[in-house]
>>> print(open('my_file-v3.txt').read())   # compact mmCIF, C-alpha atoms and all ligand atoms
# COMPACT_ATOMS: atom_id res chain seq x y z
CA MET A 141 43.62 -108.82 60.70
CA LYS A 142 44.63 -111.94 62.57
CA LEU A 143 42.77 -112.48 65.83
CA VAL A 144 45.54 -114.64 67.30
CA GLU A 145 49.24 -114.97 66.65
CA PHE A 146 51.65 -117.65 67.82
CA THR A 147 54.61 -115.86 69.38
CA ASN A 148 57.64 -116.86 71.42
CA LYS A 149 55.78 -115.86 74.59
CA GLY A 150 52.70 -117.87 73.77
CA ILE A 151 49.38 -117.46 71.98
CA TYR A 152 48.70 -113.74 71.57
CA CYS A 153 45.31 -112.17 70.97
CA VAL A 154 46.30 -109.24 68.76
CA PRO A 155 43.40 -106.76 69.22
CA GLY A 156 42.82 -107.90 72.82
CA LYS A 157 46.51 -107.39 73.70
CA PHE A 158 46.58 -110.42 76.01
CA TYR A 159 48.20 -113.86 76.01
CA ILE A 160 46.62 -117.26 76.51
CA ASP A 161 48.58 -119.71 78.69
CA PRO A 162 51.83 -117.76 78.08
CA TRP A 163 55.16 -119.29 79.00
CA ARG A 164 57.00 -116.00 79.54
CA PRO A 165 55.97 -113.14 81.85
CA VAL A 166 53.30 -110.86 80.33
CA ASP A 167 50.86 -108.26 81.64
CA LEU A 168 47.64 -110.21 81.21
CA ALA A 169 47.56 -114.00 81.07
CA VAL A 170 44.28 -115.70 80.25
CA ILE A 171 44.63 -119.18 81.76
CA SER A 172 42.80 -122.24 80.44
CA HIS A 173 43.58 -124.45 83.47
CA ALA A 174 46.01 -124.90 86.34
CA HIS A 175 48.40 -127.52 84.93
CA GLY A 176 52.01 -126.36 85.02
CA ASP A 177 52.51 -126.16 81.27
CA HIS A 178 49.56 -123.76 80.92
CA ALA A 179 49.77 -121.72 84.11
CA ARG A 180 53.19 -120.33 84.86
CA TRP A 181 54.78 -118.04 87.37
CA GLY A 182 55.56 -114.36 86.70
CA MET A 183 52.44 -112.86 85.10
CA LYS A 184 51.31 -109.39 86.22
CA LYS A 185 47.70 -110.50 86.17
CA TYR A 186 45.90 -113.81 85.66
CA LEU A 187 42.38 -114.37 84.38
CA CYS A 188 40.78 -117.79 84.85
CA HIS A 189 37.63 -119.68 85.84
CA HIS A 190 36.48 -119.47 89.49
CA PHE A 191 37.40 -123.12 90.17
CA THR A 192 40.93 -122.62 88.85
CA LYS A 193 41.70 -119.64 91.10
CA PRO A 194 42.45 -121.48 94.37
CA ILE A 195 44.42 -124.17 92.53
CA LEU A 196 46.45 -121.51 90.74
CA LYS A 197 47.21 -119.75 94.01
CA HIS A 198 48.20 -123.02 95.62
CA ARG A 199 50.50 -123.94 92.75
CA ILE A 200 52.04 -120.53 91.95
CA SER A 201 51.69 -118.23 94.97
CA GLU A 202 49.00 -116.83 97.25
CA ASP A 203 50.21 -113.34 96.26
CA ILE A 204 49.46 -113.41 92.54
CA GLU A 205 46.76 -111.13 91.15
CA VAL A 206 43.92 -113.26 89.82
CA GLN A 207 40.55 -112.30 88.38
CA SER A 208 38.14 -115.17 87.93
CA VAL A 209 34.94 -115.62 85.95
CA GLU A 210 32.02 -118.01 85.52
CA TYR A 211 31.57 -120.19 82.43
CA GLY A 212 29.75 -118.23 79.74
CA GLU A 213 30.34 -114.85 81.40
CA GLU A 214 31.46 -112.34 78.80
CA LEU A 215 34.27 -109.83 79.30
CA ASN A 216 35.31 -107.07 76.95
CA ILE A 217 39.07 -106.84 76.70
CA ASN A 218 40.19 -104.04 74.35
CA GLY A 219 37.16 -104.63 72.15
CA VAL A 220 37.44 -108.43 72.10
CA LYS A 221 34.60 -110.40 73.65
CA VAL A 222 36.25 -113.04 75.82
CA SER A 223 34.44 -115.92 77.50
CA PHE A 224 35.27 -119.28 79.10
CA PHE A 225 33.53 -122.56 78.29
CA PRO A 226 33.93 -125.94 80.04
CA ALA A 227 36.75 -128.06 78.59
CA GLY A 228 35.98 -131.15 80.71
CA HIS A 229 39.72 -131.76 81.19
CA ILE A 230 40.12 -131.14 84.93
CA VAL A 231 38.16 -129.10 87.47
CA GLY A 232 38.06 -125.47 86.33
CA SER A 233 39.46 -126.15 82.86
CA ALA A 234 38.18 -123.90 80.11
CA GLN A 235 38.19 -123.31 76.40
CA ILE A 236 38.76 -119.65 75.66
CA ARG A 237 36.38 -118.07 73.17
CA MET A 238 37.40 -114.78 71.53
CA GLU A 239 35.12 -112.78 69.28
CA TYR A 240 36.20 -109.71 67.34
CA LYS A 241 34.13 -108.03 64.65
CA GLY A 242 32.02 -111.16 64.27
CA PHE A 243 34.98 -113.53 63.85
CA VAL A 244 35.28 -116.25 66.51
CA THR A 245 38.45 -118.07 67.56
CA VAL A 246 38.37 -120.78 70.24
CA PHE A 247 41.41 -122.11 72.08
CA SER A 248 40.59 -125.57 73.41
CA GLY A 249 43.29 -125.74 76.06
CA ASP A 250 43.39 -129.41 77.00
CA TYR A 251 40.00 -131.07 76.72
CA LYS A 252 38.11 -134.26 77.28
CA VAL A 253 34.64 -134.98 75.95
CA GLN A 254 34.00 -137.82 78.40
CA ASP A 255 32.14 -136.75 81.56
CA ASP A 256 34.24 -137.80 84.55
CA GLY A 257 31.66 -136.76 87.15
CA LEU A 258 33.98 -134.15 88.65
CA SER A 259 34.88 -131.57 86.00
CA THR A 260 32.12 -129.46 84.44
CA PRO A 261 31.29 -131.46 81.27
CA PHE A 262 32.79 -130.34 77.96
CA GLU A 263 30.69 -127.90 75.96
CA LEU A 264 31.04 -127.58 72.22
CA VAL A 265 31.61 -124.02 70.99
CA ARG A 266 31.11 -123.23 67.33
CA CYS A 267 33.76 -121.03 65.81
CA ASN A 268 35.55 -119.87 62.66
CA GLU A 269 38.98 -120.84 63.90
CA PHE A 270 39.77 -123.60 66.41
CA ILE A 271 43.04 -124.23 68.22
CA THR A 272 42.97 -127.87 69.28
CA GLU A 273 45.31 -130.05 71.27
CA SER A 274 46.25 -133.50 69.89
CA THR A 275 47.92 -135.30 72.80
CA PHE A 276 46.27 -138.59 71.85
CA GLY A 277 45.66 -137.82 68.18
CA LEU A 278 46.18 -141.36 66.85
CA PRO A 279 43.43 -143.91 66.10
CA ILE A 280 44.94 -146.37 68.60
CA TYR A 281 43.67 -144.22 71.46
CA ASN A 282 40.11 -145.12 72.42
CA TRP A 283 39.11 -144.77 76.03
CA LEU A 284 36.79 -146.99 78.02
CA SER A 285 33.83 -145.30 79.68
CA PRO A 286 34.22 -144.17 83.32
CA ASP A 287 32.02 -147.12 84.40
CA GLN A 288 34.23 -149.55 82.52
CA TYR A 289 37.57 -148.38 83.86
CA SER A 290 36.10 -148.03 87.35
CA GLU A 291 35.07 -151.70 87.12
CA GLN A 292 38.59 -152.66 85.99
CA MET A 293 40.15 -150.82 88.91
CA LYS A 294 37.76 -152.36 91.43
CA THR A 295 38.41 -155.86 90.13
CA TRP A 296 42.14 -155.26 90.52
CA VAL A 297 41.69 -153.94 94.08
CA SER A 298 39.65 -157.04 95.01
CA LYS A 299 42.27 -159.35 93.57
CA ASN A 300 44.97 -157.55 95.52
CA ARG A 301 42.98 -157.82 98.73
CA GLU A 302 42.57 -161.55 98.24
CA GLN A 303 46.34 -161.78 98.02
CA GLY A 304 46.80 -159.57 101.09
CA LYS A 305 48.17 -156.71 99.02
CA THR A 306 47.78 -152.94 99.22
CA SER A 307 46.62 -151.34 95.95
CA VAL A 308 48.85 -148.39 95.07
CA PHE A 309 47.63 -146.23 92.18
CA ILE A 310 50.00 -143.85 90.44
CA GLY A 311 48.41 -140.77 88.90
CA TYR A 312 49.12 -137.10 88.42
CA SER A 313 48.18 -135.06 91.49
CA LEU A 314 45.92 -132.59 89.69
CA GLY A 315 43.20 -134.29 87.67
CA LYS A 316 44.13 -137.95 87.57
CA ALA A 317 44.29 -138.47 91.33
CA GLN A 318 40.76 -137.14 91.79
CA ARG A 319 39.52 -139.33 88.92
CA ILE A 320 40.97 -142.39 90.65
CA MET A 321 39.27 -141.36 93.87
CA LYS A 322 35.97 -140.97 92.03
CA SER A 323 36.32 -144.37 90.33
CA LEU A 324 36.89 -146.12 93.64
CA GLU A 325 34.42 -144.13 95.72
CA GLY A 326 32.81 -146.37 98.34
CA TYR A 327 35.09 -149.29 97.52
CA GLY A 328 37.28 -149.02 100.59
CA LYS A 329 39.38 -146.54 102.44
CA ILE A 330 41.36 -144.21 100.16
CA PHE A 331 44.69 -142.77 101.25
CA VAL A 332 46.39 -140.00 99.24
CA HIS A 333 49.87 -138.51 99.32
CA HIS A 334 49.89 -135.06 100.94
CA SER A 335 50.67 -133.30 97.63
CA ILE A 336 47.38 -134.71 96.36
CA ALA A 337 45.62 -133.74 99.60
CA LYS A 338 46.73 -130.12 99.10
CA ILE A 339 45.24 -130.06 95.61
CA ASN A 340 42.08 -131.71 96.96
CA GLU A 341 41.75 -128.92 99.52
CA ALA A 342 42.11 -126.26 96.81
CA ILE A 343 39.43 -128.02 94.73
CA GLU A 344 37.09 -128.45 97.68
CA SER A 345 37.45 -124.77 98.58
CA SER A 346 35.31 -124.04 95.49
CA GLY A 347 32.50 -126.14 96.93
CA ILE A 348 33.23 -129.24 94.85
CA GLN A 349 32.68 -132.44 96.76
CA LEU A 350 35.33 -135.11 96.45
CA PRO A 351 35.04 -138.70 97.72
CA ASP A 352 36.29 -139.31 101.29
CA TYR A 353 40.01 -139.72 101.69
CA GLU A 354 42.71 -139.69 104.31
CA THR A 355 46.16 -138.14 103.91
CA VAL A 356 49.14 -140.41 104.29
CA TYR A 357 52.45 -139.15 105.64
CA PHE A 358 55.33 -141.51 105.27
CA ASN A 359 56.49 -140.88 108.80
CA ASP A 360 53.24 -142.44 110.02
CA ASP A 361 52.89 -146.07 110.88
CA LEU A 362 52.09 -147.46 107.46
CA LYS A 363 50.32 -150.51 108.86
CA LYS A 364 47.04 -148.68 108.43
CA LEU A 365 47.50 -148.88 104.64
CA ASP A 366 47.36 -152.66 104.73
CA GLN A 367 45.13 -153.95 101.90
CA GLU A 368 43.66 -150.48 101.40
CA ILE A 369 43.83 -148.08 98.42
CA VAL A 370 46.69 -145.59 98.15
CA ILE A 371 47.14 -142.87 95.51
CA LEU A 372 50.58 -141.41 94.84
CA PRO A 373 51.94 -138.96 92.23
CA PRO A 374 54.14 -140.36 89.41
CA ALA A 375 57.37 -138.97 90.87
CA LEU A 376 57.10 -141.49 93.69
CA LEU A 377 57.16 -144.50 91.40
CA ASP A 378 60.43 -146.33 92.05
CA SER A 379 61.17 -144.01 95.00
CA ASN A 380 62.31 -145.06 98.44
CA LEU A 381 59.00 -143.89 99.83
CA ILE A 382 56.87 -146.27 97.83
CA ARG A 383 59.12 -149.11 99.01
CA LYS A 384 58.04 -148.36 102.57
CA ILE A 385 54.63 -149.77 101.70
CA PRO A 386 54.92 -153.52 102.22
CA ASN A 387 53.00 -156.03 100.08
CA ARG A 388 52.00 -153.53 97.48
CA ALA A 389 50.72 -153.90 93.94
CA THR A 390 51.28 -150.84 91.76
CA GLY A 391 48.88 -149.67 89.05
CA ILE A 392 49.66 -146.78 86.73
CA CYS A 393 46.79 -144.63 85.46
CA SER A 394 47.67 -142.88 82.23
CA GLY A 395 46.42 -142.65 78.68
CA TRP A 396 49.75 -144.10 77.58
CA MET A 397 48.78 -147.40 79.15
CA GLN A 398 46.62 -148.05 76.10
CA VAL A 399 49.72 -148.86 74.07
CA ARG A 400 50.90 -152.39 74.44
CA GLY A 401 54.52 -151.27 74.60
CA SER A 402 53.70 -149.59 77.86
CA ARG A 403 53.96 -152.95 79.58
CA ARG A 404 57.69 -152.40 79.64
CA TRP A 405 57.11 -149.56 82.09
CA ARG A 406 58.82 -150.76 85.14
CA SER A 407 57.79 -151.60 88.63
CA ALA A 408 54.11 -151.59 87.75
CA ASP A 409 51.84 -154.57 88.14
CA ALA A 410 48.94 -153.05 86.23
CA GLY A 411 48.15 -150.22 83.85
CA PHE A 412 44.84 -148.40 83.44
CA ALA A 413 44.27 -146.31 80.33
CA VAL A 414 42.62 -143.37 82.02
CA SER A 415 43.25 -139.98 80.49
CA ASP A 416 42.18 -136.39 81.05
CA HIS A 417 42.44 -135.77 77.30
CA ALA A 418 40.14 -136.56 74.40
CA ASP A 419 40.84 -139.79 72.55
CA TRP A 420 41.06 -140.03 68.76
CA ASN A 421 37.31 -139.97 68.17
CA GLY A 422 36.80 -137.29 70.79
CA LEU A 423 39.28 -135.01 69.02
CA LEU A 424 37.91 -135.72 65.58
CA GLU A 425 34.24 -135.33 66.45
CA THR A 426 34.96 -132.09 68.27
CA VAL A 427 37.00 -130.53 65.49
CA LYS A 428 34.27 -131.38 62.96
CA ALA A 429 31.45 -130.15 65.17
CA THR A 430 32.99 -126.73 65.83
CA GLY A 431 32.45 -125.98 62.15
CA ALA A 432 35.80 -124.18 62.10
CA GLU A 433 37.16 -123.43 58.65
CA LYS A 434 40.69 -123.17 60.03
CA VAL A 435 42.25 -125.47 62.64
CA HIS A 436 45.57 -125.07 64.43
CA VAL A 437 46.93 -128.20 66.10
CA THR A 438 49.05 -127.84 69.24
CA HIS A 439 50.71 -130.34 71.53
CA GLY A 440 50.95 -134.04 70.92
CA GLN A 441 50.46 -135.63 67.51
CA THR A 442 50.40 -132.26 65.75
CA GLU A 443 51.83 -133.30 62.37
CA VAL A 444 49.85 -136.52 62.01
CA PHE A 445 46.57 -135.09 63.23
CA ALA A 446 46.83 -131.93 61.08
CA LYS A 447 47.67 -134.06 58.04
CA TYR A 448 44.65 -136.26 58.66
CA LEU A 449 42.35 -133.25 59.03
CA ASN A 450 43.58 -131.86 55.72
CA GLU A 451 42.92 -135.22 54.05
CA ILE A 452 39.29 -135.15 55.15
CA GLY A 453 38.90 -131.59 53.91
CA ILE A 454 39.46 -129.51 57.04
CA SER A 455 42.18 -126.91 56.61
CA ALA A 456 44.62 -127.52 59.45
CA GLU A 457 48.19 -126.86 60.36
CA PRO A 458 50.46 -127.90 63.21
CA VAL A 459 51.64 -125.18 65.55
CA LYS A 460 54.75 -125.37 67.63
CA THR A 461 54.05 -124.48 71.22
CA ILE A 462 55.98 -125.44 74.28
CA PHE A 463 52.97 -126.91 75.99
CA GLY A 464 54.32 -130.08 77.39
CA ASP A 465 51.67 -131.94 79.14
CA GLU A 466 51.01 -133.49 82.46
CA GLU A 467 50.59 -136.77 80.60
CA THR A 468 53.78 -136.23 78.64
CA GLU A 469 55.44 -135.51 81.96
CA GLU A 470 53.89 -138.71 83.28
CA LYS A 471 55.27 -140.58 80.30
CA GLU A 472 58.78 -139.28 80.90
CA ILE A 473 58.63 -140.25 84.54
CA LEU A 474 57.24 -143.67 83.75
CA GLU A 475 59.89 -144.33 81.16
CA ASN A 476 62.72 -143.02 83.20
CA PRO A 477 61.74 -142.42 86.82
CA LYS A 478 65.19 -141.67 88.20
CA THR A 479 66.25 -138.89 85.82
CA SER A 480 62.87 -137.19 85.87
CA ALA A 481 62.72 -137.17 89.64
CA GLU A 482 66.15 -135.59 89.73
CA SER A 483 65.39 -133.02 87.05
CA GLY A 484 62.84 -131.66 89.49
CA THR A 485 59.90 -131.45 87.09
CA LEU A 486 57.68 -132.62 89.88
CA LYS A 487 59.55 -131.08 92.75
CA ALA A 488 56.46 -130.11 94.67
CA ASP A 489 55.19 -133.63 94.37
CA SER A 490 58.40 -135.36 95.35
CA LYS A 491 58.55 -134.08 98.91
CA ILE A 492 57.80 -136.65 101.58
ZN ZN B 501 46.32 -130.10 81.21
ZN ZN B 502 48.58 -129.31 78.24
>>> encode(input="my_file-v3.txt", output="structure tokens")
Amino acid sequence: MKLVEFTNKGIYCVPGKFYIDPWRPVDLAVISHAHGDHARWGMKKYLCHHFTKPILKHRISEDIEVQSVEYGEELNINGVKVSFFPAGHIVGSAQIRMEYKGFVTVFSGDYKVQDDGLSTPFELVRCNEFITESTFGLPIYNWLSPDQYSEQMKTWVSKNREQGKTSVFIGYSLGKAQRIMKSLEGYGKIFVHHSIAKINEAIESSGIQLPDYETVYFNDDLKKLDQEIVILPPALLDSNLIRKIPNRATGICSGWMQVRGSRRWRSADAGFAVSDHADWNGLLETVKATGAEKVHVTHGQTEVFAKYLNEIGISAEPVKTIFGDEETEEKEILENPKTSAESGTLKADSKI
């Protein structure tokens, strides 16, 4: 018997009778983390990690039914032992471990092996079958350490200050924005767009301490931003709002910035390759270390990464899912800000 099946509603745990990160309404949705492509509206009941619960409610609705658990806590769902393990991707992100009659399948969700100082660090889970992501599954993707990219960002902020400029960082409101805050902690006053402030509040409600910040509303007198640090979501790049900030330098934070071609991304003065996903080595080391004899590769470089795994003797196959990705979303916005803003993919973030 198959423990999981890939269906048109999402990843289905057959004996457990539940879905993981489903994209159509189901009775029980086991949620790896609160990004929009993994946590959708319309489920009868949600199951997630404690830290994800307030973020989920903020993003979907206060009225949804959510049960939350601790990392490592084991639940029995229709005879399947289900537990959550840290995925290190964003606060509250989890890998989902399922065990049935001694056979173990792990769904990675999105993961990052680098410790960002905010998310619970990634924990390796050994398994028979591993469902991995492959967003950055090409050897060209190699991240700097948090200390290194923090140094890069600080140097850029200093340079901007010397030129009388305000440093505006562009990063996704859930995950990236908090990483930017962490990297610049103590390096000056940090202002965030109110969509980021709302997420910050949801995160802080779990007792997680974020660096100090102030919320910026564009109706305020923006003089106070002068030469300071400002963090805005990607939808605001090339918007009328960002133009209200005089003397600004714009820096985009995204894994895609690693590629030289990314320089063509408009209106940015700098790019920082900071990602909430594992880089090539992170993916590879993890897949090997799980000991899985079967690997399914979802979102990103599925074909290439699965092919490579097969070449090194790990049985793998690409799986079609409709997980987009916050970073894929970022990429679309960066490449074509106008159309993406209009298509409303980041509606919540585009409000003033
Ligand atoms: Zn994600
Ligand atoms: Zn994703």
>>> atom_distance(input="my_file-v3.txt", atom1="atom CA of A:Met321", atom2="atom CA of A:Ile200")
24.5 Å
>>> residues_around(input="my_file-v3.txt", residues="stretch 370-380 of chain A", least_positions_apart="6", cutoff="6 Å", atoms="all atoms listed in the file", output="ChimeraX atom specification")
/A:308-313,330-333,481,490
>>> closest_residue(input="my_file-v3.txt", among="A:Gly326, A:Gly347, A:Gly315, A:Pro386", to="A:Asp416", atoms="all atoms listed in the file")
A:Gly315
>>> closest_residue(input="my_file-v3.txt", among="A:Ile339, A:Ile454, A:Ala179, A:Leu278", to="ligand ZN 502 (chain B)", atoms="only C-alpha atoms and all ligand atoms")
A:Ala179
>>> closest_residue(input="my_file-v3.txt", among="A:Ile230, A:Met293, A:Leu449, A:Ile280", to="A:Ala410", atoms="all atoms listed in the file")
A:Met293
>>> closest_residue(input="my_file-v3.txt", among="A:Arg199, A:Arg388, A:His417, A:Lys149", to="A:Ala169", atoms="only C-alpha atoms")
A:Lys149
>>> closest_residue(input="my_file-v3.txt", among="A:Ser407, A:Thr306, A:Ser248, A:Asn421", to="ligand ZN 502 (chain B)", atoms="all atoms listed in the file")
A:Ser248
>>> residues_near_point(input="my_file-v3.txt", point="(43.0, -129.2, 76.2)", cutoff="8 Å", atoms="only C-alpha atoms", output="VMD selection string")
chain A and resid 227 229 235 248 to 252 272 to 273 417
>>> closest_residue(input="my_file-v3.txt", among="A:Ser208, A:Ser346, A:Gln398, A:Thr438", to="A:Ala413", atoms="all atoms listed in the file")
A:Gln398
